[in-house]
Every structure is written in C-alpha cells, then in structure tokens.
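The file structure21.pdb contains PDB, C-alpha atoms:
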```
MODEL        1
ATOM      1  CA  MET K 336     -16.754  -1.056  28.156
ATOM      2  CA  GLU K 337     -16.427   2.631  29.035
ATOM      3  CA  GLU K 338     -16.282   4.840  25.960
ATOM      4  CA  ARG K 339     -12.992   6.666  25.384
ATOM      5  CA  ILE K 340     -12.069   9.347  22.873
ATOM      6  CA  TYR K 341     -10.368   6.802  20.612
ATOM      7  CA  THR K 342     -13.402   4.476  20.627
ATOM      8  CA  ILE K 343     -15.946   7.136  19.614
ATOM      9  CA  PRO K 344     -15.251   7.212  15.825
ATOM     10  CA  VAL K 345     -15.204   3.405  15.660
ATOM     11  CA  ASN K 346     -18.499   3.119  17.516
ATOM     12  CA  GLU K 347     -20.030   5.781  15.282
ATOM     13  CA  ALA K 348     -18.891   4.006  12.116
ATOM     14  CA  PHE K 349     -20.472   0.750  13.311
ATOM     15  CA  GLU K 350     -23.787   2.426  14.132
ATOM     16  CA  SER K 351     -24.646   2.497  10.426
ATOM     17  CA  ASP K 352     -25.050  -0.603   8.270
ATOM     18  CA  ASP K 353     -24.521   1.090   4.914
ATOM     19  CA  GLY K 354     -21.536  -0.754   3.476
ATOM     20  CA  CYS K 355     -18.190  -1.524   5.110
ATOM     21  CA  PRO K 356     -17.713   0.311   8.449
ATOM     22  CA  PHE K 357     -13.962   0.530   7.962
ATOM     23  CA  CYS K 358     -14.488   2.144   4.567
ATOM     24  CA  ARG K 359     -16.625   4.764   6.311
ATOM     25  CA  LEU K 360     -13.780   5.332   8.764
ATOM     26  CA  HIS K 361     -11.278   5.516   5.916
ATOM     27  CA  LYS K 362     -13.322   8.158   4.106
ATOM     28  CA  LYS K 363     -13.721  10.225   7.293
ATOM     29  CA  LEU K 364      -9.997  10.046   8.051
ATOM     30  CA  GLU K 365      -9.125  10.952   4.470
ATOM     31  CA  ASP K 366     -11.533  13.913   4.380
ATOM     32  CA  ASP K 367     -10.152  15.204   7.689
ATOM     33  CA  GLU K 368      -6.547  14.963   6.488
ATOM     34  CA  LEU K 369      -7.336  16.766   3.232
ATOM     35  CA  ASP K 370      -9.145  19.540   5.122
ATOM     36  CA  LEU K 371      -6.195  19.935   7.479
ATOM     37  CA  ILE K 372      -3.505  19.889   4.827
ATOM     38  CA  LEU K 373      -5.199  22.685   2.893
ATOM     39  CA  GLY K 374      -6.145  24.533   6.070
ATOM     40  CA  ALA K 375      -4.643  24.756   9.534
ATOM     41  CA  SER K 376      -1.695  22.425   8.891
ATOM     42  CA  MET K 377      -0.606  23.856   5.560
ATOM     43  CA  MET K 378       1.977  26.330   6.863
ATOM     44  CA  GLU K 379       3.239  24.344   9.870
ATOM     45  CA  PRO K 380       6.987  23.779   9.325
ATOM     46  CA  ASP K 381       7.049  20.142  10.479
ATOM     47  CA  ILE K 382       4.081  19.291   8.239
ATOM     48  CA  ARG K 383       5.643  21.081   5.282
ATOM     49  CA  ILE K 384       8.844  19.069   5.728
ATOM     50  CA  GLN K 385       6.823  15.865   5.452
ATOM     51  CA  THR K 386       4.781  16.986   2.435
ATOM     52  CA  ASN K 387       7.971  18.165   0.708
ATOM     53  CA  LYS K 388       9.522  14.766   1.299
ATOM     54  CA  LEU K 389       6.561  12.487   0.560
ATOM     55  CA  GLY K 390       4.443  14.492  -1.875
ATOM     56  CA  PHE K 391       0.954  13.240  -2.781
ATOM     57  CA  CYS K 392      -0.344  10.375  -4.890
ATOM     58  CA  GLY K 393      -2.403  11.130  -7.989
ATOM     59  CA  LYS K 394      -5.694  10.335  -6.243
ATOM     60  CA  HIS K 395      -5.118  12.756  -3.383
ATOM     61  CA  SER K 396      -3.603  15.418  -5.643
ATOM     62  CA  ASN K 397      -6.806  15.380  -7.689
ATOM     63  CA  LYS K 398      -8.974  15.514  -4.576
ATOM     64  CA  MET K 399      -7.052  18.524  -3.250
ATOM     65  CA  PHE K 400      -7.329  20.237  -6.619
ATOM     66  CA  ASN K 401     -11.099  19.736  -6.602
ATOM     67  CA  MET K 402     -11.330  21.342  -3.156
ATOM     68  CA  LYS K 403     -10.731  24.677  -4.937
ATOM     69  CA  ASN K 404      -7.945  25.951  -2.660
ATOM     70  CA  ARG K 405      -5.519  26.435  -5.523
ATOM     71  CA  LEU K 406      -3.304  28.882  -3.659
ATOM     72  CA  GLY K 407      -2.812  26.474  -0.781
ATOM     73  CA  MET K 408      -2.041  23.660  -3.174
ATOM     74  CA  ALA K 409       0.307  25.855  -5.206
ATOM     75  CA  LEU K 410       2.262  26.813  -2.084
ATOM     76  CA  MET K 411       2.815  23.166  -1.236
ATOM     77  CA  ILE K 412       3.705  22.308  -4.817
ATOM     78  CA  GLU K 413       6.198  25.178  -4.920
ATOM     79  CA  SER K 414       8.232  23.899  -1.961
ATOM     80  CA  HIS K 415       7.782  20.263  -3.000
ATOM     81  CA  LEU K 416       9.212  21.003  -6.441
ATOM     82  CA  ALA K 417      12.132  22.819  -4.850
ATOM     83  CA  THR K 418      12.855  19.797  -2.656
ATOM     84  CA  ILE K 419      12.757  17.404  -5.612
ATOM     85  CA  ARG K 420      14.982  19.702  -7.687
ATOM     86  CA  LYS K 421      17.526  19.950  -4.885
ATOM     87  CA  ASN K 422      17.608  16.179  -4.352
ATOM     88  CA  VAL K 423      18.123  15.501  -8.048
ATOM     89  CA  GLU K 424      20.717  18.274  -8.388
ATOM     90  CA  THR K 425      22.838  17.074  -5.483
ATOM     91  CA  LYS K 426      23.104  13.515  -6.769
ATOM     92  CA  PRO K 427      26.505  12.630  -8.237
ATOM     93  CA  SER K 428      27.167  13.545 -11.835
ATOM     94  CA  ILE K 429      25.785  11.204 -14.493
ATOM     95  CA  PHE K 430      29.390  10.588 -15.494
ATOM     96  CA  VAL K 431      30.001   8.816 -12.190
ATOM     97  CA  LYS K 432      29.344   5.071 -12.321
ATOM     98  CA  ASP K 433      25.840   4.085 -11.089
ATOM     99  CA  ALA K 434      24.888   7.725 -10.341
ATOM    100  CA  GLY K 435      21.859   7.460 -12.624
ATOM    101  CA  VAL K 436      20.689   4.389 -10.731
ATOM    102  CA  SER K 437      20.829   6.317  -7.461
ATOM    103  CA  THR K 438      18.756   9.178  -8.860
ATOM    104  CA  SER K 439      16.221   6.812 -10.429
ATOM    105  CA  LYS K 440      15.797   4.940  -7.143
ATOM    106  CA  SER K 441      15.124   8.201  -5.311
ATOM    107  CA  LEU K 442      12.508   9.252  -7.861
ATOM    108  CA  ASP K 443      10.878   5.799  -7.830
ATOM    109  CA  GLU K 444      10.516   6.008  -4.049
ATOM    110  CA  LEU K 445       8.937   9.452  -4.369
ATOM    111  CA  SER K 446       6.400   8.213  -6.934
ATOM    112  CA  CYS K 447       5.208   5.572  -4.444
ATOM    113  CA  SER K 448       4.857   7.890  -1.434
ATOM    114  CA  CYS K 449       1.982  10.122  -0.311
ATOM    115  CA  TYR K 450       1.613  12.184   2.853
ATOM    116  CA  VAL K 451      -2.167  11.625   3.077
ATOM    117  CA  CYS K 452      -1.976   7.879   2.363
ATOM    118  CA  GLU K 453       0.688   7.445   5.048
ATOM    119  CA  ARG K 454      -1.372   9.342   7.613
ATOM    120  CA  VAL K 455      -4.652   7.568   6.821
ATOM    121  CA  ASP K 456      -3.110   4.089   6.604
ATOM    122  CA  GLY K 457      -1.433   4.547   9.990
ATOM    123  CA  LYS K 458      -4.665   5.685  11.617
ATOM    124  CA  ILE K 459      -6.894   2.999  10.070
ATOM    125  CA  ILE K 460      -4.615   0.329  11.555
ATOM    126  CA  LYS K 461      -5.278   1.816  15.002
ATOM    127  CA  MET K 462      -9.017   1.948  14.266
ATOM    128  CA  VAL K 463      -9.097  -1.744  13.370
ATOM    129  CA  GLU K 464      -7.186  -2.552  16.567
ATOM    130  CA  THR K 465      -9.775  -0.538  18.509
ATOM    131  CA  ALA K 466     -12.619  -2.446  16.824
ATOM    132  CA  VAL K 467     -11.009  -5.727  17.859
ATOM    133  CA  LEU K 468     -10.690  -4.484  21.457
ATOM    134  CA  LEU K 469     -14.312  -3.314  21.481
ATOM    135  CA  TRP K 470     -15.582  -6.621  20.118
ATOM    136  CA  GLU K 471     -13.694  -8.463  22.849
ATOM    137  CA  LYS K 472     -14.767  -6.198  25.736
ATOM    138  CA  ASP K 473     -18.127  -4.648  24.761
ATOM    139  CA  LYS K 474     -21.258  -6.744  24.121
ATOM    140  CA  SER K 475     -23.089  -3.793  22.569
ATOM    141  CA  PHE K 476     -20.314  -3.470  19.992
ATOM    142  CA  ARG K 477     -20.727  -7.135  19.098
ATOM    143  CA  GLU K 478     -24.359  -6.391  18.310
ATOM    144  CA  LYS K 479     -23.317  -3.460  16.117
ATOM    145  CA  THR K 480     -20.868  -5.720  14.311
ATOM    146  CA  GLU K 481     -23.490  -8.407  13.735
ATOM    147  CA  ASN K 482     -25.769  -5.770  12.155
ATOM    148  CA  GLN K 483     -23.197  -4.893   9.476
ATOM    149  CA  LYS K 484     -23.992  -5.894   5.905
ATOM    150  CA  TYR K 485     -20.403  -6.748   5.050
ATOM    151  CA  PHE K 486     -16.747  -5.788   5.276
ATOM    152  CA  CYS K 487     -14.898  -5.067   2.040
ATOM    153  CA  LEU K 488     -12.303  -7.769   1.379
ATOM    154  CA  PRO K 489      -9.213  -5.627   2.177
ATOM    155  CA  HIS K 490     -10.671  -4.556   5.536
ATOM    156  CA  TYR K 491     -12.094  -8.021   6.192
ATOM    157  CA  SER K 492      -8.578  -9.419   5.866
ATOM    158  CA  MET K 493      -7.175  -6.678   8.112
ATOM    159  CA  PHE K 494      -9.890  -7.270  10.726
ATOM    160  CA  LEU K 495      -9.199 -11.012  10.872
ATOM    161  CA  LYS K 496      -5.416 -10.656  10.982
ATOM    162  CA  THR K 497      -5.563  -8.007  13.691
ATOM    163  CA  ALA K 498      -7.969 -10.069  15.781
ATOM    164  CA  SER K 499      -5.784 -13.156  15.362
ATOM    165  CA  ASN K 500      -2.789 -11.207  16.698
ATOM    166  CA  LYS K 501      -4.482  -9.086  19.365
ATOM    167  CA  MET K 502      -7.496 -11.027  20.618
ATOM    168  CA  SER K 503      -7.628 -13.692  23.313
ATOM    169  CA  LYS K 504      -7.145 -17.116  21.735
ATOM    170  CA  LYS K 505     -10.140 -18.305  23.712
ATOM    171  CA  ILE K 506     -12.477 -15.688  22.231
ATOM    172  CA  TYR K 507     -11.070 -15.529  18.700
ATOM    173  CA  PRO K 508     -13.002 -18.586  17.341
ATOM    174  CA  GLU K 509     -16.278 -16.945  18.391
ATOM    175  CA  PHE K 510     -15.229 -13.710  16.689
ATOM    176  CA  LEU K 511     -14.190 -15.555  13.543
ATOM    177  CA  LYS K 512     -17.498 -17.405  13.328
ATOM    178  CA  ALA K 513     -19.543 -14.213  13.783
ATOM    179  CA  VAL K 514     -17.609 -12.156  11.229
ATOM    180  CA  ASN K 515     -17.434 -14.996   8.700
ATOM    181  CA  GLU K 516     -21.195 -15.431   8.888
ATOM    182  CA  ILE K 517     -21.676 -11.762   7.975
ATOM    183  CA  GLU K 518     -19.189 -11.999   5.129
ATOM    184  CA  MET K 519     -20.437 -15.266   3.645
ATOM    185  CA  THR K 520     -24.090 -14.162   3.782
ATOM    186  CA  TYR K 521     -23.247 -11.034   1.798
ATOM    187  CA  PHE K 522     -20.936 -12.967  -0.513
ATOM    188  CA  ASP K 523     -23.767 -15.325  -1.469
ATOM    189  CA  LYS K 524     -26.239 -12.465  -1.915
ATOM    190  CA  LEU K 525     -23.791 -10.494  -4.065
ATOM    191  CA  SER K 526     -22.942 -13.527  -6.198
ATOM    192  CA  ALA K 527     -26.623 -14.178  -6.808
ATOM    193  CA  ASP K 528     -27.222 -10.541  -7.766
ATOM    194  CA  VAL K 529     -24.306 -10.536 -10.212
ATOM    195  CA  SER K 530     -25.526 -13.770 -11.785
ATOM    196  CA  TRP K 531     -29.038 -12.348 -12.183
ATOM    197  CA  PHE K 532     -27.593  -9.128 -13.658
ATOM    198  CA  CYS K 533     -25.856 -11.235 -16.312
ATOM    199  CA  LYS K 534     -29.007 -13.242 -17.031
ATOM    200  CA  LYS K 535     -31.011 -10.067 -17.583
ATOM    201  CA  PHE K 536     -29.046  -9.549 -20.809
ATOM    202  CA  ASP K 537     -30.454 -12.822 -22.109
ATOM    203  CA  TYR K 538     -33.727 -12.218 -24.007
ATOM    204  CA  ARG K 539     -35.330 -15.148 -22.190
ATOM    205  CA  TYR K 540     -35.228 -13.145 -18.941
ATOM    206  CA  ASP K 541     -36.220  -9.823 -20.475
ATOM    207  CA  SER K 542     -39.623  -9.687 -18.794
ATOM    208  CA  GLU K 543     -38.322 -10.763 -15.389
ATOM    209  CA  PRO K 544     -37.802  -8.101 -12.666
ATOM    210  CA  TRP K 545     -34.295  -6.827 -11.955
ATOM    211  CA  GLY K 546     -34.657  -7.256  -8.210
ATOM    212  CA  ASP K 547     -31.512  -6.020  -6.428
ATOM    213  CA  SER K 548     -29.208  -6.687  -9.350
ATOM    214  CA  LYS K 549     -29.125  -3.323 -11.147
ATOM    215  CA  ASP K 550     -26.193  -2.024  -9.080
ATOM    216  CA  ALA K 551     -24.568  -5.437  -8.546
ATOM    217  CA  VAL K 552     -21.404  -4.514 -10.461
ATOM    218  CA  GLU K 553     -20.877  -1.302  -8.469
ATOM    219  CA  ARG K 554     -21.456  -3.106  -5.176
ATOM    220  CA  THR K 555     -19.047  -5.852  -6.189
ATOM    221  CA  LEU K 556     -16.287  -3.342  -6.902
ATOM    222  CA  LEU K 557     -16.751  -1.816  -3.438
ATOM    223  CA  PHE K 558     -16.761  -5.271  -1.873
ATOM    224  CA  LEU K 559     -13.589  -6.387  -3.677
ATOM    225  CA  ASN K 560     -11.565  -3.186  -3.450
ATOM    226  CA  GLY K 561     -12.926  -1.106  -0.590
ATOM    227  CA  TYR K 562     -13.517   2.627  -0.553
ATOM    228  CA  ASP K 563     -11.889   4.547  -3.387
ATOM    229  CA  LYS K 564      -8.973   2.175  -3.910
TER     230      LYS K 564
ENDMDL
END
```

Now, as a test, write the supplied structure out as structure tokens.
Amino acid sequence: MEERIYTIPVNEAFESDDGCPFCRLHKKLEDDELDLILGASMMEPDIRIQTNKLGFCGKHSNKMFNMKNRLGMALMIESHLATIRKNVETKPSIFVKDAGVSTSKSLDELSCSCYVCERVDGKIIKMVETAVLLWEKDKSFREKTENQKYFCLPHYSMFLKTASNKMSKKIYPEFLKAVNEIEMTYFDKLSADVSWFCKKFDYRYDSEPWGDSKDAVERTLLFLNGYDK
C-alpha cells in the first residue's frame, strides 16, 4: 500500500515494539496538542473560543503548568474564567424554580470536558481506523503488527471493534486470530510475572532470582489502563 501523509505516524508507531503502539500515538498526539495550545494556537480566536468553552481536565492542566509557560496558561485561564463567570451570571435567579439545577448541570458538563482530551480522542480514533486499513491492505504492516509485544486493553478493545466495523468480513477472522495471539501471549507472560513477584515476598523463594518480575506491577497498570489514563 502506498504511504500517505495520514499513514506515516501509524507506521512509525508500529516500527517500535516497546509497549502498546496506540499508546505511543496517544502520547505523541497529546504532546503535540499541548505544544500547540501554549504556542502557535494560543491566541487564535477560534481556538480560544473552544478552550473557553471546554477548559482543561486536571491531568492536562498540570501538564501545561509543568511546561513552564505560565503567561500563556494565565492568558487562557483569564478568558476561561470570564466565560464561566458570564455563564453562571446569566442563569436565571436562584429564586426561580429549578434555576439552581440548570446552573449545576452547566458546571457538571464543564467539569467533564477538556479541549486537549477532545482533540486527542478524536484523532486517535482516526489513527486506529488507519491501522485497520493498513493491516487489511499492506502485508508489511501486518508484519509490524505481529512484532508488537501487546496492545493495552483499552486500545485492544478499540482495535477489535474498529476492525469488526471497518474490515472485510472475509479478512476479519484472520486479523482477529493474529491480534489475539499477540494479546494472549503477553497476557500469560504478564500473569506469570505478577505471580512470581508475589511469591518473591514469601521467604521460601527469597534466594530465587527475580527474573522479569520486578516491574510486573508497573507493566500491568500500563496493560490494563493504557498510557497515562
């Protein structure tokens, strides 16, 4: 399959076998969005409208704060606060029946929204769709997929669902078998490492080598939850 601009990042993510390839894509997309929002996109009116409306989740607020561009962050916070204040102020008086419910609903929706999350989640869906297309059309991509250690469970689920909806019904069973083999092999290895980690706290196994189990808990968290969830 001829490489296109939209296939390049997916191919690059699958060239490594260090963890879940979709987590690598997620991290790259997230880093790019954070760089943009505190850089070139910060003062664009249409972007500012969206950040004023959606705000940022705690995770991405902390990441932006740690990027040391406090002025850029303060400018966004300033207009975001003004937007929230205006929305709360223009709600009906608390003396009007159910007015408090309306205001609370608006604030609840705001607490669940994030400009960066929305951008990254939308793009990762397209990346997974591209991976499905590549697997179906490009034999070299199948080889890259087979060389992966695992897919984290959230992205594993997304990969299977997307393939089930987008892939040829004739090819899908082959895809499912190949991806399941990767996942189950890692699942068994991880389970064994966690079990050995637990046994190492039993004095009877004190003199036995740790093998690959020392970081079993950390690897399990990545496997279960994906990148930085």

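The gap separating CA of Met399 in chain K from CA of Asp366 in chain K is 10.0 Å, in Å to one decimal.
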
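For the atom pair formed by CA of Gly354 in chain K and CA of Gln483 in chain K, the distance is 7.5 Å, given to one decimal.
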
- Pick out the closest residue to Glu368 in chain K from this set: K:Thr342, K:Val451, K:Glu347, K:Leu406. Count only C-alpha atoms. K:Val451

- Task: Return as an MDAnalysis selection string the set of residues that the PyMOL selection byres ((chain K and resi 485) around 7) yields on the displayed structure.
- Result: chainID K and resid 354:355 483:484 486:487 517:518 521

With 5 Å on each side, where is the centre of the axis-aligned box around all listed atoms of range 341-350 of chain K, and how long are its edges in Å to one decimal, as JSON?
```
{"center_x": -17.1, "center_y": 4.0, "center_z": 16.4, "size_x": 23.4, "size_y": 16.5, "size_z": 18.5}
```

Selection result of the PyMOL selection byres ((chain K and resi 530) around 12) on this file, as a JSON list (two decimals) with C-alpha atoms, in the coordinates of the input:
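Listed below is the output, part-v9.json:
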```json
[["chain", "number", "residue", "atom", "x", "y", "z"],
["K", 523, "ASP", "CA", -23.77, -15.32, -1.47],
["K", 524, "LYS", "CA", -26.24, -12.46, -1.92],
["K", 525, "LEU", "CA", -23.79, -10.49, -4.07],
["K", 526, "SER", "CA", -22.94, -13.53, -6.20],
["K", 527, "ALA", "CA", -26.62, -14.18, -6.81],
["K", 528, "ASP", "CA", -27.22, -10.54, -7.77],
["K", 529, "VAL", "CA", -24.31, -10.54, -10.21],
["K", 531, "TRP", "CA", -29.04, -12.35, -12.18],
["K", 532, "PHE", "CA", -27.59, -9.13, -13.66],
["K", 533, "CYS", "CA", -25.86, -11.24, -16.31],
["K", 534, "LYS", "CA", -29.01, -13.24, -17.03],
["K", 535, "LYS", "CA", -31.01, -10.07, -17.58],
["K", 536, "PHE", "CA", -29.05, -9.55, -20.81],
["K", 537, "ASP", "CA", -30.45, -12.82, -22.11],
["K", 545, "TRP", "CA", -34.30, -6.83, -11.96],
["K", 546, "GLY", "CA", -34.66, -7.26, -8.21],
["K", 547, "ASP", "CA", -31.51, -6.02, -6.43],
["K", 548, "SER", "CA", -29.21, -6.69, -9.35],
["K", 549, "LYS", "CA", -29.12, -3.32, -11.15],
["K", 551, "ALA", "CA", -24.57, -5.44, -8.55],
["K", 552, "VAL", "CA", -21.40, -4.51, -10.46],
["K", 555, "THR", "CA", -19.05, -5.85, -6.19]]
```
